[in-house]
$ cat final11.cif   # mmCIF, C-alpha atoms
data_target
loop_
_atom_site.label_atom_id
_atom_site.label_comp_id
_atom_site.auth_asym_id
_atom_site.auth_seq_id
_atom_site.Cartn_x
_atom_site.Cartn_y
_atom_site.Cartn_z
CA MET A 197 44.29 -23.17 -28.68
CA PHE A 198 44.28 -22.59 -32.44
CA LEU A 199 40.78 -24.09 -32.63
CA LEU A 200 39.47 -21.25 -30.48
CA LEU A 201 40.79 -18.50 -32.74
CA PRO A 202 37.91 -18.60 -35.26
CA PHE A 203 35.42 -18.47 -32.37
CA ASP A 204 37.22 -15.49 -30.79
CA SER A 205 37.27 -13.73 -34.13
CA LEU A 206 33.53 -14.32 -34.53
CA VAL A 207 32.83 -12.84 -31.08
CA VAL A 208 34.92 -9.75 -31.86
CA ASN A 209 33.14 -9.29 -35.19
CA LEU A 210 29.71 -9.64 -33.58
CA LEU A 211 30.68 -7.15 -30.85
CA GLY A 212 31.91 -4.68 -33.46
CA ILE A 213 28.73 -5.05 -35.49
CA SER A 214 26.59 -4.59 -32.37
CA ILE A 215 28.42 -1.39 -31.39
CA THR A 216 28.13 -0.04 -34.94
CA VAL A 217 24.40 -0.80 -35.08
CA LEU A 218 23.84 0.76 -31.64
CA PHE A 219 25.73 3.93 -32.56
CA THR A 220 23.84 4.17 -35.86
CA LEU A 221 20.50 3.84 -34.07
CA LEU A 222 21.55 6.51 -31.55
CA LEU A 223 22.62 8.83 -34.33
CA VAL A 224 19.53 8.33 -36.51
CA PHE A 225 16.75 8.12 -33.91
CA ILE A 226 18.05 10.29 -31.04
CA ILE A 227 20.99 12.60 -31.79
CA VAL A 228 19.94 13.86 -35.24
CA PRO A 229 16.28 14.47 -34.20
CA ALA A 230 17.59 16.31 -31.10
CA ILE A 231 19.75 18.56 -33.31
CA PHE A 232 16.74 19.60 -35.39
CA GLY A 233 14.27 19.62 -32.49
CA VAL A 234 11.97 16.91 -33.87
CA SER A 235 10.63 13.69 -32.39
CA PHE A 236 9.49 10.41 -33.92
CA GLY A 237 7.03 9.79 -31.07
CA ILE A 238 8.94 6.78 -29.71
CA ARG A 239 9.01 8.19 -26.16
CA LYS A 240 5.23 8.74 -26.12
CA VAL A 241 4.59 5.16 -27.26
CA TYR A 242 7.01 4.02 -24.55
CA MET A 243 5.12 6.08 -21.93
CA LYS A 244 1.71 4.70 -22.97
CA THR A 245 3.09 1.14 -22.78
CA LEU A 246 4.39 1.79 -19.26
CA LEU A 247 1.03 3.20 -18.17
CA LYS A 248 -0.74 0.01 -19.27
CA ILE A 249 1.81 -2.14 -17.39
CA PHE A 250 1.44 0.01 -14.26
CA GLN A 251 -2.35 -0.27 -14.42
CA TRP A 252 -2.18 -4.05 -14.71
CA ALA A 253 0.33 -4.30 -11.85
CA THR A 254 -1.79 -2.03 -9.63
CA LEU A 255 -4.95 -4.03 -10.23
CA ARG A 256 -3.07 -7.27 -9.54
CA ILE A 257 -1.66 -5.90 -6.28
CA GLU A 258 -5.06 -4.61 -5.14
CA ARG A 259 -6.72 -7.95 -5.88
CA GLY A 260 -3.98 -9.90 -4.12
CA ALA A 261 -4.06 -7.62 -1.07
CA LYS A 262 -7.84 -7.97 -0.86
CA GLU A 263 -7.63 -11.76 -1.06
CA LYS A 264 -5.03 -11.89 1.74
CA ASN A 265 -6.74 -9.16 3.77
CA HIS A 266 -3.59 -7.00 3.85
CA PRO A 267 -3.68 -3.19 4.10
CA LEU A 268 -2.57 -1.68 0.80
CA TYR A 269 -2.28 2.07 1.28
CA LYS A 270 -1.30 4.18 4.24
CA PRO A 271 -4.31 5.97 5.74
CA TYR A 272 -4.42 9.75 5.52
CA VAL A 273 -1.74 9.99 2.85
CA ASN A 274 -2.34 13.71 2.29
CA GLY A 275 -2.49 14.76 5.94
CA ILE A 276 -3.66 13.54 9.34
CA ILE A 277 -4.99 16.73 10.92
CA ALA A 278 -7.94 18.70 9.60
CA LYS A 279 -7.20 22.41 10.06
CA GLU A 280 -9.52 25.35 9.58
CA PRO A 281 -8.21 28.81 8.71
CA THR A 282 -8.89 30.66 11.99
CA SER A 283 -6.92 33.36 13.78
CA LEU A 284 -5.08 33.10 17.10
CA GLU A 285 -7.60 35.40 18.79
CA GLU A 286 -10.62 33.43 17.58
CA GLU A 287 -9.20 30.09 18.74
CA ILE A 288 -8.21 31.40 22.19
CA LYS A 289 -11.68 32.93 22.64
CA GLU A 290 -13.21 29.57 21.73
CA ILE A 291 -11.05 27.84 24.37
CA ARG A 292 -12.05 30.42 26.99
CA ARG A 293 -15.72 30.11 26.05
CA SER A 294 -15.71 26.34 26.51
CA GLY A 295 -13.52 26.31 29.62
CA SER A 296 -13.28 29.24 31.99
CA GLY A 297 -16.68 30.87 31.64
CA LYS A 298 -15.13 34.32 32.20
CA ALA A 299 -15.61 37.34 29.98
CA LEU A 300 -14.10 36.73 26.61
CA ASP A 301 -12.51 40.16 26.42
CA THR A 302 -10.71 39.93 29.75
CA PRO A 303 -7.21 41.42 29.41
CA GLU A 304 -5.57 39.13 31.93
CA PHE A 305 -3.65 36.03 31.01
CA GLU A 306 -5.63 32.83 31.59
CA LEU A 307 -4.15 29.42 32.19
CA SER A 308 -6.41 27.93 29.53
CA ASP A 309 -4.58 30.00 26.87
CA ILE A 310 -1.67 27.58 27.23
CA PHE A 311 -3.74 24.82 25.65
CA TYR A 312 -3.83 26.73 22.35
CA PHE A 313 -0.04 26.83 22.08
CA CYS A 314 0.31 23.21 23.25
CA ARG A 315 -2.14 22.03 20.62
CA LYS A 316 -0.43 24.03 17.88
CA GLY A 317 2.93 22.60 18.87
CA ILE A 318 1.67 19.01 18.82
CA GLU A 319 -0.06 19.56 15.47
CA THR A 320 3.18 20.89 14.00
CA ILE A 321 5.11 17.87 15.24
CA MET A 322 2.54 15.35 14.01
CA ASP A 323 1.81 17.01 10.67
CA ASP A 324 4.85 19.15 9.85
CA GLU A 325 4.02 20.95 6.60
CA VAL A 326 7.66 21.97 6.14
CA THR A 327 9.77 18.86 6.75
CA LYS A 328 7.56 16.60 4.64
CA ARG A 329 8.24 18.87 1.63
CA PHE A 330 11.81 17.54 1.61
CA SER A 331 11.00 13.84 1.28
CA ALA A 332 9.91 11.92 -1.79
CA GLU A 333 6.21 12.02 -2.59
CA GLU A 334 4.66 8.63 -1.81
CA LEU A 335 2.86 6.88 -4.64
CA GLU A 336 -0.49 5.19 -4.33
CA SER A 337 0.50 2.40 -6.70
CA TRP A 338 3.59 0.38 -7.52
CA ASN A 339 5.56 1.71 -10.50
CA LEU A 340 7.92 -1.32 -10.62
CA LEU A 341 10.78 0.89 -9.41
CA SER A 342 10.43 0.30 -5.69
CA ARG A 343 7.85 -1.14 -3.35
CA THR A 344 6.23 2.13 -2.37
CA ASN A 345 3.07 0.49 -1.06
CA TYR A 346 2.48 0.23 2.65
CA ASN A 347 3.06 -3.32 3.96
CA PHE A 348 3.75 -4.76 0.51
CA GLN A 349 3.46 -8.54 0.36
CA TYR A 350 4.32 -11.19 -2.22
CA ILE A 351 1.42 -11.34 -4.67
CA SER A 352 2.28 -13.58 -7.62
CA LEU A 353 5.18 -15.04 -9.57
CA ARG A 354 4.24 -13.10 -12.70
CA LEU A 355 4.43 -9.79 -10.84
CA THR A 356 7.81 -10.66 -9.35
CA VAL A 357 9.17 -11.75 -12.75
CA LEU A 358 7.88 -8.49 -14.27
CA TRP A 359 9.75 -6.48 -11.60
CA GLY A 360 12.95 -8.46 -12.25
CA LEU A 361 12.60 -7.93 -16.00
CA GLY A 362 12.21 -4.21 -15.34
CA VAL A 363 15.47 -4.17 -13.36
CA LEU A 364 17.32 -5.82 -16.26
CA ILE A 365 15.88 -3.38 -18.79
CA ARG A 366 16.67 -0.31 -16.70
CA TYR A 367 20.20 -1.27 -15.65
CA CYS A 368 21.42 -3.31 -18.61
CA PHE A 369 19.83 -1.41 -21.51
CA LEU A 370 18.55 2.04 -20.52
CA LEU A 371 21.43 2.97 -18.18
CA PRO A 372 24.28 2.38 -20.72
CA LEU A 373 22.23 4.08 -23.44
CA ARG A 374 21.56 7.13 -21.27
CA ILE A 375 25.15 7.41 -20.10
CA ALA A 376 26.29 7.40 -23.74
CA LEU A 377 23.78 10.13 -24.61
CA ALA A 378 24.73 12.24 -21.57
CA PHE A 379 28.42 11.95 -22.44
CA THR A 380 27.64 12.94 -26.03
CA GLY A 381 25.58 15.94 -25.01
CA ILE A 382 28.11 17.25 -22.47
CA SER A 383 31.04 16.70 -24.84
CA LEU A 384 29.30 18.55 -27.65
CA LEU A 385 28.35 21.39 -25.25
CA VAL A 386 31.95 21.90 -24.10
CA THR A 387 33.40 21.55 -27.60
CA GLY A 388 30.74 23.60 -29.37
CA THR A 389 30.70 26.54 -26.94
CA THR A 390 34.51 26.64 -26.87
CA VAL A 391 34.69 26.86 -30.67
CA VAL A 392 31.88 29.44 -30.85
CA GLY A 393 33.61 31.46 -28.15
CA TYR A 394 36.51 32.25 -30.51
CA LEU A 395 34.19 33.90 -33.03
CA PRO A 396 33.83 37.71 -32.99
CA ASN A 397 30.73 39.08 -31.29
CA GLY A 398 27.81 39.49 -33.65
CA ARG A 399 24.67 37.88 -34.98
CA CYS A 400 26.53 34.86 -36.33
CA LYS A 401 28.07 34.05 -32.94
CA GLU A 402 24.73 34.56 -31.19
CA PHE A 403 22.93 32.32 -33.71
CA LEU A 404 25.48 29.51 -33.43
CA SER A 405 25.65 29.78 -29.63
CA GLN A 406 21.87 29.52 -29.33
CA HIS A 407 21.66 26.43 -31.52
CA VAL A 408 24.64 24.72 -29.88
CA HIS A 409 23.04 25.18 -26.44
CA LEU A 410 19.61 23.99 -27.61
CA MET A 411 21.07 20.98 -29.43
CA CYS A 412 23.13 19.81 -26.45
CA TYR A 413 20.36 20.33 -23.90
CA ARG A 414 17.93 18.38 -26.08
CA ILE A 415 20.38 15.49 -26.24
CA CYS A 416 20.68 15.60 -22.44
CA VAL A 417 16.88 15.59 -22.17
CA ARG A 418 16.80 12.41 -24.23
CA ALA A 419 19.47 10.95 -21.94
CA LEU A 420 16.81 11.07 -19.21
CA THR A 421 14.02 9.88 -21.53
CA ALA A 422 12.27 13.10 -20.58
CA ILE A 423 8.78 13.58 -21.94
CA ILE A 424 7.94 17.27 -21.59
CA THR A 425 4.72 19.08 -22.43
CA TYR A 426 5.10 22.84 -22.88
CA HIS A 427 2.04 25.07 -22.52
CA ASP A 428 1.46 28.69 -23.61
CA ARG A 429 4.74 29.10 -25.45
CA GLU A 430 3.75 32.60 -26.52
CA ASN A 431 4.62 33.65 -22.94
CA ARG A 432 8.21 32.41 -23.12
CA PRO A 433 10.75 34.77 -21.48
CA ARG A 434 12.19 37.56 -23.59
CA ASN A 435 15.52 39.37 -23.54
CA GLY A 436 16.07 41.79 -20.68
CA GLY A 437 13.78 39.90 -18.30
CA ILE A 438 14.03 37.38 -15.49
CA CYS A 439 12.58 33.86 -15.68
CA VAL A 440 11.63 32.48 -12.26
CA ALA A 441 10.39 28.93 -11.64
CA ASN A 442 9.70 26.52 -8.80
CA HIS A 443 12.65 24.27 -8.06
CA THR A 444 12.50 20.48 -7.77
CA SER A 445 15.72 19.21 -9.28
CA PRO A 446 18.97 20.27 -10.96
CA ILE A 447 17.47 18.97 -14.19
CA ASP A 448 14.97 21.88 -14.08
CA VAL A 449 17.66 23.82 -15.95
CA ILE A 450 17.81 21.22 -18.73
CA ILE A 451 14.01 21.02 -18.93
CA LEU A 452 13.69 24.78 -19.53
CA ALA A 453 16.87 25.30 -21.56
CA SER A 454 15.84 22.64 -24.10
CA ASP A 455 12.95 24.93 -25.12
CA GLY A 456 14.55 28.36 -24.70
CA TYR A 457 17.80 30.27 -24.55
CA TYR A 458 18.77 31.58 -21.11
CA ALA A 459 21.64 33.21 -19.26
CA MET A 460 22.42 31.09 -16.21
CA VAL A 461 23.21 32.46 -12.77
CA GLY A 462 25.27 30.55 -10.25
CA GLN A 463 28.43 30.02 -8.30
CA ILE A 464 31.66 29.04 -10.03
CA HIS A 465 32.52 25.38 -9.40
CA GLY A 466 35.58 23.25 -9.90
CA GLY A 467 36.02 19.90 -11.63
CA LEU A 468 33.79 18.91 -14.54
CA MET A 469 31.17 21.53 -13.69
CA GLY A 470 33.85 24.22 -13.78
CA VAL A 471 35.02 23.08 -17.22
CA ILE A 472 31.43 23.29 -18.52
CA GLN A 473 30.90 26.75 -16.98
CA ARG A 474 34.11 28.17 -18.46
CA ALA A 475 33.20 26.82 -21.90
CA MET A 476 29.62 28.12 -21.76
CA VAL A 477 30.55 31.66 -20.71
CA LYS A 478 32.79 32.01 -23.78
CA ALA A 479 29.79 31.66 -26.08
CA CYS A 480 27.06 33.27 -23.96
CA PRO A 481 26.99 36.02 -21.27
CA HIS A 482 26.15 33.83 -18.28
CA VAL A 483 26.49 35.35 -14.80
CA TRP A 484 28.89 33.32 -12.66
CA PHE A 485 29.96 34.38 -9.16
CA GLU A 486 32.98 33.49 -7.08
CA ARG A 487 32.26 31.79 -3.76
CA SER A 488 33.13 34.98 -1.86
CA GLU A 489 30.85 37.10 -4.07
CA VAL A 490 27.71 35.01 -3.58
CA LYS A 491 27.26 36.26 0.01
CA ASP A 492 27.50 39.92 -1.07
CA ARG A 493 23.84 40.73 -1.83
CA HIS A 494 24.63 44.21 -3.15
CA LEU A 495 27.22 42.89 -5.61
CA VAL A 496 24.86 40.17 -6.84
CA ALA A 497 22.02 42.68 -7.28
CA LYS A 498 24.34 45.05 -9.16
CA ARG A 499 25.51 42.34 -11.59
CA LEU A 500 21.95 41.20 -12.26
CA THR A 501 20.69 44.77 -12.70
CA GLU A 502 23.42 45.51 -15.25
CA HIS A 503 22.47 42.36 -17.15
CA VAL A 504 18.72 43.00 -17.37
CA GLN A 505 19.17 46.67 -18.27
CA ASP A 506 20.77 45.55 -21.54
CA LYS A 507 17.73 44.51 -23.57
CA SER A 508 19.92 42.67 -26.04
CA LYS A 509 21.04 40.16 -23.40
CA LEU A 510 19.28 36.87 -22.71
CA PRO A 511 16.70 36.46 -19.95
CA ILE A 512 18.18 35.30 -16.65
CA LEU A 513 17.01 31.95 -15.28
CA ILE A 514 16.58 31.97 -11.48
CA PHE A 515 15.04 29.59 -8.93
CA PRO A 516 14.10 31.93 -6.05
CA GLU A 517 13.35 29.15 -3.54
CA GLY A 518 17.07 28.54 -3.26
CA THR A 519 16.67 24.79 -2.64
CA CYS A 520 14.85 21.78 -4.11
CA ILE A 521 11.28 21.06 -2.96
CA ASN A 522 9.52 17.74 -3.58
CA ASN A 523 7.15 19.16 -6.25
CA THR A 524 4.11 19.15 -3.98
CA SER A 525 4.42 22.81 -2.99
CA VAL A 526 6.15 26.14 -3.58
CA MET A 527 8.00 27.68 -0.65
CA MET A 528 9.13 31.24 0.04
CA PHE A 529 10.80 33.12 -2.81
CA LYS A 530 13.90 35.09 -1.91
CA LYS A 531 13.23 38.76 -2.62
CA GLY A 532 16.60 39.56 -4.26
CA SER A 533 15.55 38.90 -7.87
CA PHE A 534 12.34 40.89 -7.37
CA GLU A 535 14.11 44.08 -6.22
CA ILE A 536 15.78 44.69 -9.58
CA GLY A 537 12.71 46.14 -11.29
CA ALA A 538 12.85 43.93 -14.38
CA THR A 539 9.93 42.14 -16.03
CA VAL A 540 9.43 38.73 -14.42
CA TYR A 541 8.37 35.71 -16.50
CA PRO A 542 6.93 33.04 -14.13
CA VAL A 543 7.19 29.37 -15.09
CA ALA A 544 5.48 26.46 -13.33
CA ILE A 545 7.02 22.97 -13.52
CA LYS A 546 5.10 19.88 -12.43
CA TYR A 547 6.60 16.36 -12.58
CA ASP A 548 4.67 13.10 -12.77
CA PRO A 549 6.24 10.89 -10.04
CA GLN A 550 4.82 7.58 -11.25
CA PHE A 551 7.53 7.26 -13.93
CA GLY A 552 10.42 8.46 -11.77
CA ASP A 553 10.91 10.78 -8.82
CA ALA A 554 12.74 13.90 -10.04
CA PHE A 555 13.10 15.43 -6.56
CA TRP A 556 16.70 15.78 -5.35
CA ASN A 557 16.98 15.30 -1.60
CA SER A 558 20.47 16.78 -1.34
CA SER A 559 20.71 15.98 2.37
CA LYS A 560 20.25 12.28 1.59
CA TYR A 561 21.79 11.72 -1.85
CA GLY A 562 24.92 13.10 -3.48
CA MET A 563 24.86 14.32 -7.07
CA VAL A 564 26.30 11.09 -8.51
CA THR A 565 23.79 8.93 -6.62
CA TYR A 566 20.96 11.22 -7.66
CA LEU A 567 21.91 11.09 -11.34
CA LEU A 568 22.15 7.30 -11.13
CA ARG A 569 18.62 7.19 -9.72
CA MET A 570 17.42 9.44 -12.54
CA MET A 571 19.06 7.35 -15.24
CA THR A 572 17.68 4.09 -13.85
CA SER A 573 14.11 5.36 -13.60
CA TRP A 574 11.59 4.63 -16.33
CA ALA A 575 11.35 8.21 -17.57
CA ILE A 576 11.05 11.83 -16.47
CA VAL A 577 7.59 13.14 -17.35
CA CYS A 578 6.64 16.73 -16.64
CA SER A 579 4.52 19.68 -17.74
CA VAL A 580 5.79 23.25 -18.09
CA TRP A 581 3.52 26.29 -18.10
CA TYR A 582 4.74 29.69 -19.28
CA LEU A 583 2.71 32.30 -17.41
CA PRO A 584 2.07 35.87 -18.64
CA PRO A 585 4.83 38.35 -17.70
CA MET A 586 4.43 40.22 -14.42
CA THR A 587 5.81 43.57 -13.26
CA ARG A 588 6.07 45.11 -9.82
CA GLN A 589 3.17 47.43 -8.97
CA PRO A 590 3.85 50.93 -7.56
CA GLU A 591 2.35 50.06 -4.16
CA GLU A 592 4.16 46.72 -3.86
CA ASP A 593 7.44 46.02 -2.12
CA ALA A 594 9.77 43.24 -3.25
CA VAL A 595 8.35 40.70 -0.77
CA GLN A 596 4.75 41.30 -1.87
CA PHE A 597 5.74 41.05 -5.53
CA ALA A 598 7.61 37.78 -4.87
CA ASN A 599 4.57 36.34 -3.05
CA ARG A 600 2.26 37.34 -5.91
CA VAL A 601 4.49 35.60 -8.46
CA LYS A 602 4.82 32.53 -6.20
CA SER A 603 1.04 32.28 -5.81
CA ALA A 604 0.55 32.40 -9.58
CA ILE A 605 3.08 29.59 -10.08
CA ALA A 606 1.52 27.45 -7.33
CA ARG A 607 -1.99 27.96 -8.69
CA GLN A 608 -1.02 27.02 -12.26
CA GLY A 609 1.06 23.99 -11.26
CA GLY A 610 -1.47 22.65 -8.75
CA LEU A 611 1.04 23.09 -5.91
CA VAL A 612 0.56 24.12 -2.28
CA ASP A 613 1.51 27.75 -1.65
CA LEU A 614 3.61 27.93 1.55
CA LEU A 615 5.10 30.98 3.28
CA TRP A 616 7.91 29.00 4.93
CA ASP A 617 11.53 29.51 3.91
CA GLY A 618 13.09 26.53 2.14
CA GLY A 619 16.23 27.25 4.14
CA LEU A 620 14.55 25.43 7.05
CA LYS A 621 15.71 22.27 5.28
CA ARG A 622 19.06 22.76 7.02
CA GLU A 623 18.58 25.67 9.43
CA LYS A 624 16.54 26.31 12.55
CA VAL A 625 13.46 28.52 12.60
CA LYS A 626 14.43 32.17 12.84
CA ASP A 627 13.62 34.03 16.05
CA THR A 628 11.50 36.48 14.07
CA PHE A 629 8.90 33.76 13.41
CA LYS A 630 8.66 33.04 17.13
CA GLU A 631 8.50 36.74 17.98
CA GLU A 632 5.67 37.22 15.48
CA GLN A 633 3.46 34.75 17.38
CA GLN A 634 4.41 36.35 20.69
CA LYS A 635 3.48 39.80 19.33
CA LEU A 636 0.08 38.56 18.14
CA TYR A 637 -0.75 37.17 21.58
CA SER A 638 0.62 40.23 23.35
CA LYS A 639 -1.33 42.55 21.08
CA MET A 640 -4.52 40.65 21.83
CA ILE A 641 -4.12 41.16 25.59
CA VAL A 642 -2.63 44.65 25.60
CA GLY A 643 -5.04 45.84 22.94
CA ASN A 644 -8.06 44.66 24.95
CA HIS A 645 -6.63 46.27 28.05
CA GLU A 646 -6.24 49.63 26.28
CA ASP A 647 -9.80 49.42 24.97
CA ARG A 648 -11.15 48.81 28.47
CA SER A 649 -9.09 51.70 29.87
CA ARG A 650 -10.61 54.08 27.34
CA SER A 651 -14.12 52.88 28.16
#

$ encode --input "final11.cif" --output "structure tokens"
Amino acid sequence: MFLLLPFDSLVVNLLGISITVLFTLLLVFIIVPAIFGVSFGIRKVYMKTLLKIFQWATLRIERGAKEKNHPLYKPYVNGIIAKEPTSLEEEIKEIRRSGSGKALDTPEFELSDIFYFCRKGIETIMDDEVTKRFSAEELESWNLLSRTNYNFQYISLRLTVLWGLGVLIRYCFLLPLRIALAFTGISLLVTGTTVVGYLPNGRCKEFLSQHVHLMCYRICVRALTAIITYHDRENRPRNGGICVANHTSPIDVIILASDGYYAMVGQIHGGLMGVIQRAMVKACPHVWFERSEVKDRHLVAKRLTEHVQDKSKLPILIFPEGTCINNTSVMMFKKGSFEIGATVYPVAIKYDPQFGDAFWNSSKYGMVTYLLRMMTSWAIVCSVWYLPPMTRQPEEDAVQFANRVKSAIARQGGLVDLLWDGGLKREKVKDTFKEEQQKLYSKMIVGNHEDRSRS
């Protein structure tokens, strides 16, 4: 027993030295650079190394699949039905022309008209452009995170060993490192904002609050090994305005807040999130709502209007889609934030899924599971574009203004611009959408009938 004591002492000393070295490296290469907003370029070298490994793995998989005559990719990855932008009236006339042989402008209902609605229904079921926006974007190559290829087969021992080595690196090295950084960032955010909150209002408090927020968010960004490229920074949101962006993940807030200073809008939560919210609001005028207040649109609009009318207050950060989309498209913007009359600063965010899928499928994964997936991915790589500020035109209503802003974001981010409401993720289609199609068909028949009556 006494012979083991020197060995035990040696293990304890080595463990202590390892922890000290690890903490020193974290402090010197990650935490201190995050405080001053600088980077040593380690993450970019890491990203370039991963790209070379992915390229080699992809070529090896393609060669192996070709040798074994196995299908590699799913056919028609981006869609299975070719659609042309035609109107309801044009398509029904085409069906009548090819089928019935009657006059195309006949006002009566024809049985062949049913085929149009049947075809549209089947197309929607087979190629649903809404539902597929709430599932992870499929990759065309293997990123060593999961076997995303169609009908993946065993290729070689080297490839399998490389995947296993990747698992060890991500779970045994990157995960503990990232958890430590996240804990550090959140702890500093709560402590720093609480201390700043006791200072009297003034320039000093505002200066310290801004730098505490930026410092902590930058540490959290490094906890995800996020590599972010910001474009057109001269268009960054200014005080008294509203920043609107497409929404893919809860980390969108961290991505934007690590480069700017925003007032957050949201519902008051309990637990750890509630502690963070209460600490943040002491140092910065964030806009938090009680659960009962969120459903009161007039109260929400009033609070937001009062905030933006004070030009000394920070720009509000809002995600008008109201839910997370898989970063392939932008769905309908809620009109509430566009009715206020403030200057809107659009921001487009586009993630690169080959390093890690940032999309949060909240109906499939809880927050803890999602964060675990984020922290065990290779990295979070994205681009952020600050678009020129936009204001509501005199002839525009809130819906038209929201659609114009949404189109600008989709165009800049290379995303599909959809008119559908993201609320369809959990709700049924509203009756108004069905009635709109019924009115179009009815107008076609009734309108033709009225024209013939006049003639």

$ residues_around --input "final11.cif" --residues "segment 506-518 of chain A" --least-positions-apart "4" --cutoff "6 Å" --atoms "all atoms listed in the file" --output "PyMOL selection string"
chain A and resi 434-441+443+458-460+528-530

$ closest_atom_pairs --input "final11.cif" --of "segment 519-634 of chain A" --to "segment 449-456 of chain A" --cutoff "12 Å" --atoms "only C-alpha atoms" --output "CSV"
residue,atom,partner,partner_atom,distance
A:Pro542,CA,A:Leu452,CA,12.0
A:Val543,CA,A:Leu452,CA,9.1
A:Ala544,CA,A:Leu452,CA,10.4
A:Ile545,CA,A:Ile451,CA,9.1
A:Lys546,CA,A:Ile451,CA,11.1
A:Tyr547,CA,A:Ile451,CA,10.8
A:Ala554,CA,A:Ile451,CA,11.5
A:Ile576,CA,A:Ile451,CA,10.0
A:Val577,CA,A:Ile451,CA,10.3
A:Cys578,CA,A:Ile451,CA,8.8
A:Ser579,CA,A:Ile451,CA,9.7
A:Val580,CA,A:Leu452,CA,8.2
A:Trp581,CA,A:Leu452,CA,10.4
A:Tyr582,CA,A:Leu452,CA,10.2

$ residues_around --input "final11.cif" --residues "His409 of chain A" --least-positions-apart "5" --cutoff "10 Å" --atoms "only C-alpha atoms" --output "ChimeraX atom specification"
/A:381,384-386,388-389,404,414,453-454,456-458,476,479-480

$ closest_residue --input "final11.cif" --among "A:Gly609, A:Gly552, A:Gly212, A:Gly537" --to "Phe597 of chain A" --atoms "only C-alpha atoms"
A:Gly537

$ closest_residue --input "final11.cif" --among "A:His427, A:Arg239, A:Arg569, A:Ile382" --to "Met411 of chain A" --atoms "only C-alpha atoms"
A:Ile382

$ atom_distance --input "final11.cif" --atom1 "atom CA of Pro585 of chain A" --atom2 "atom CA of Tyr541 of chain A"
4.6 Å

$ closest_residue --input "final11.cif" --among "A:Gln473, A:Gln505, A:Asn431, A:Thr519" --to "Leu583 of chain A" --atoms "only C-alpha atoms"
A:Asn431

$ atom_distance --input "final11.cif" --atom1 "atom CA of Ala378 of chain A" --atom2 "atom CA of Ile227 of chain A"
10.9 Å

$ closest_residue --input "final11.cif" --among "A:Leu410, A:Met563, A:Arg418, A:Ser573" --to "Ser235 of chain A" --atoms "only C-alpha atoms"
A:Arg418

$ atom_distance --input "final11.cif" --atom1 "atom CA of Ser558 of chain A" --atom2 "atom CA of Ala422 of chain A"
21.2 Å
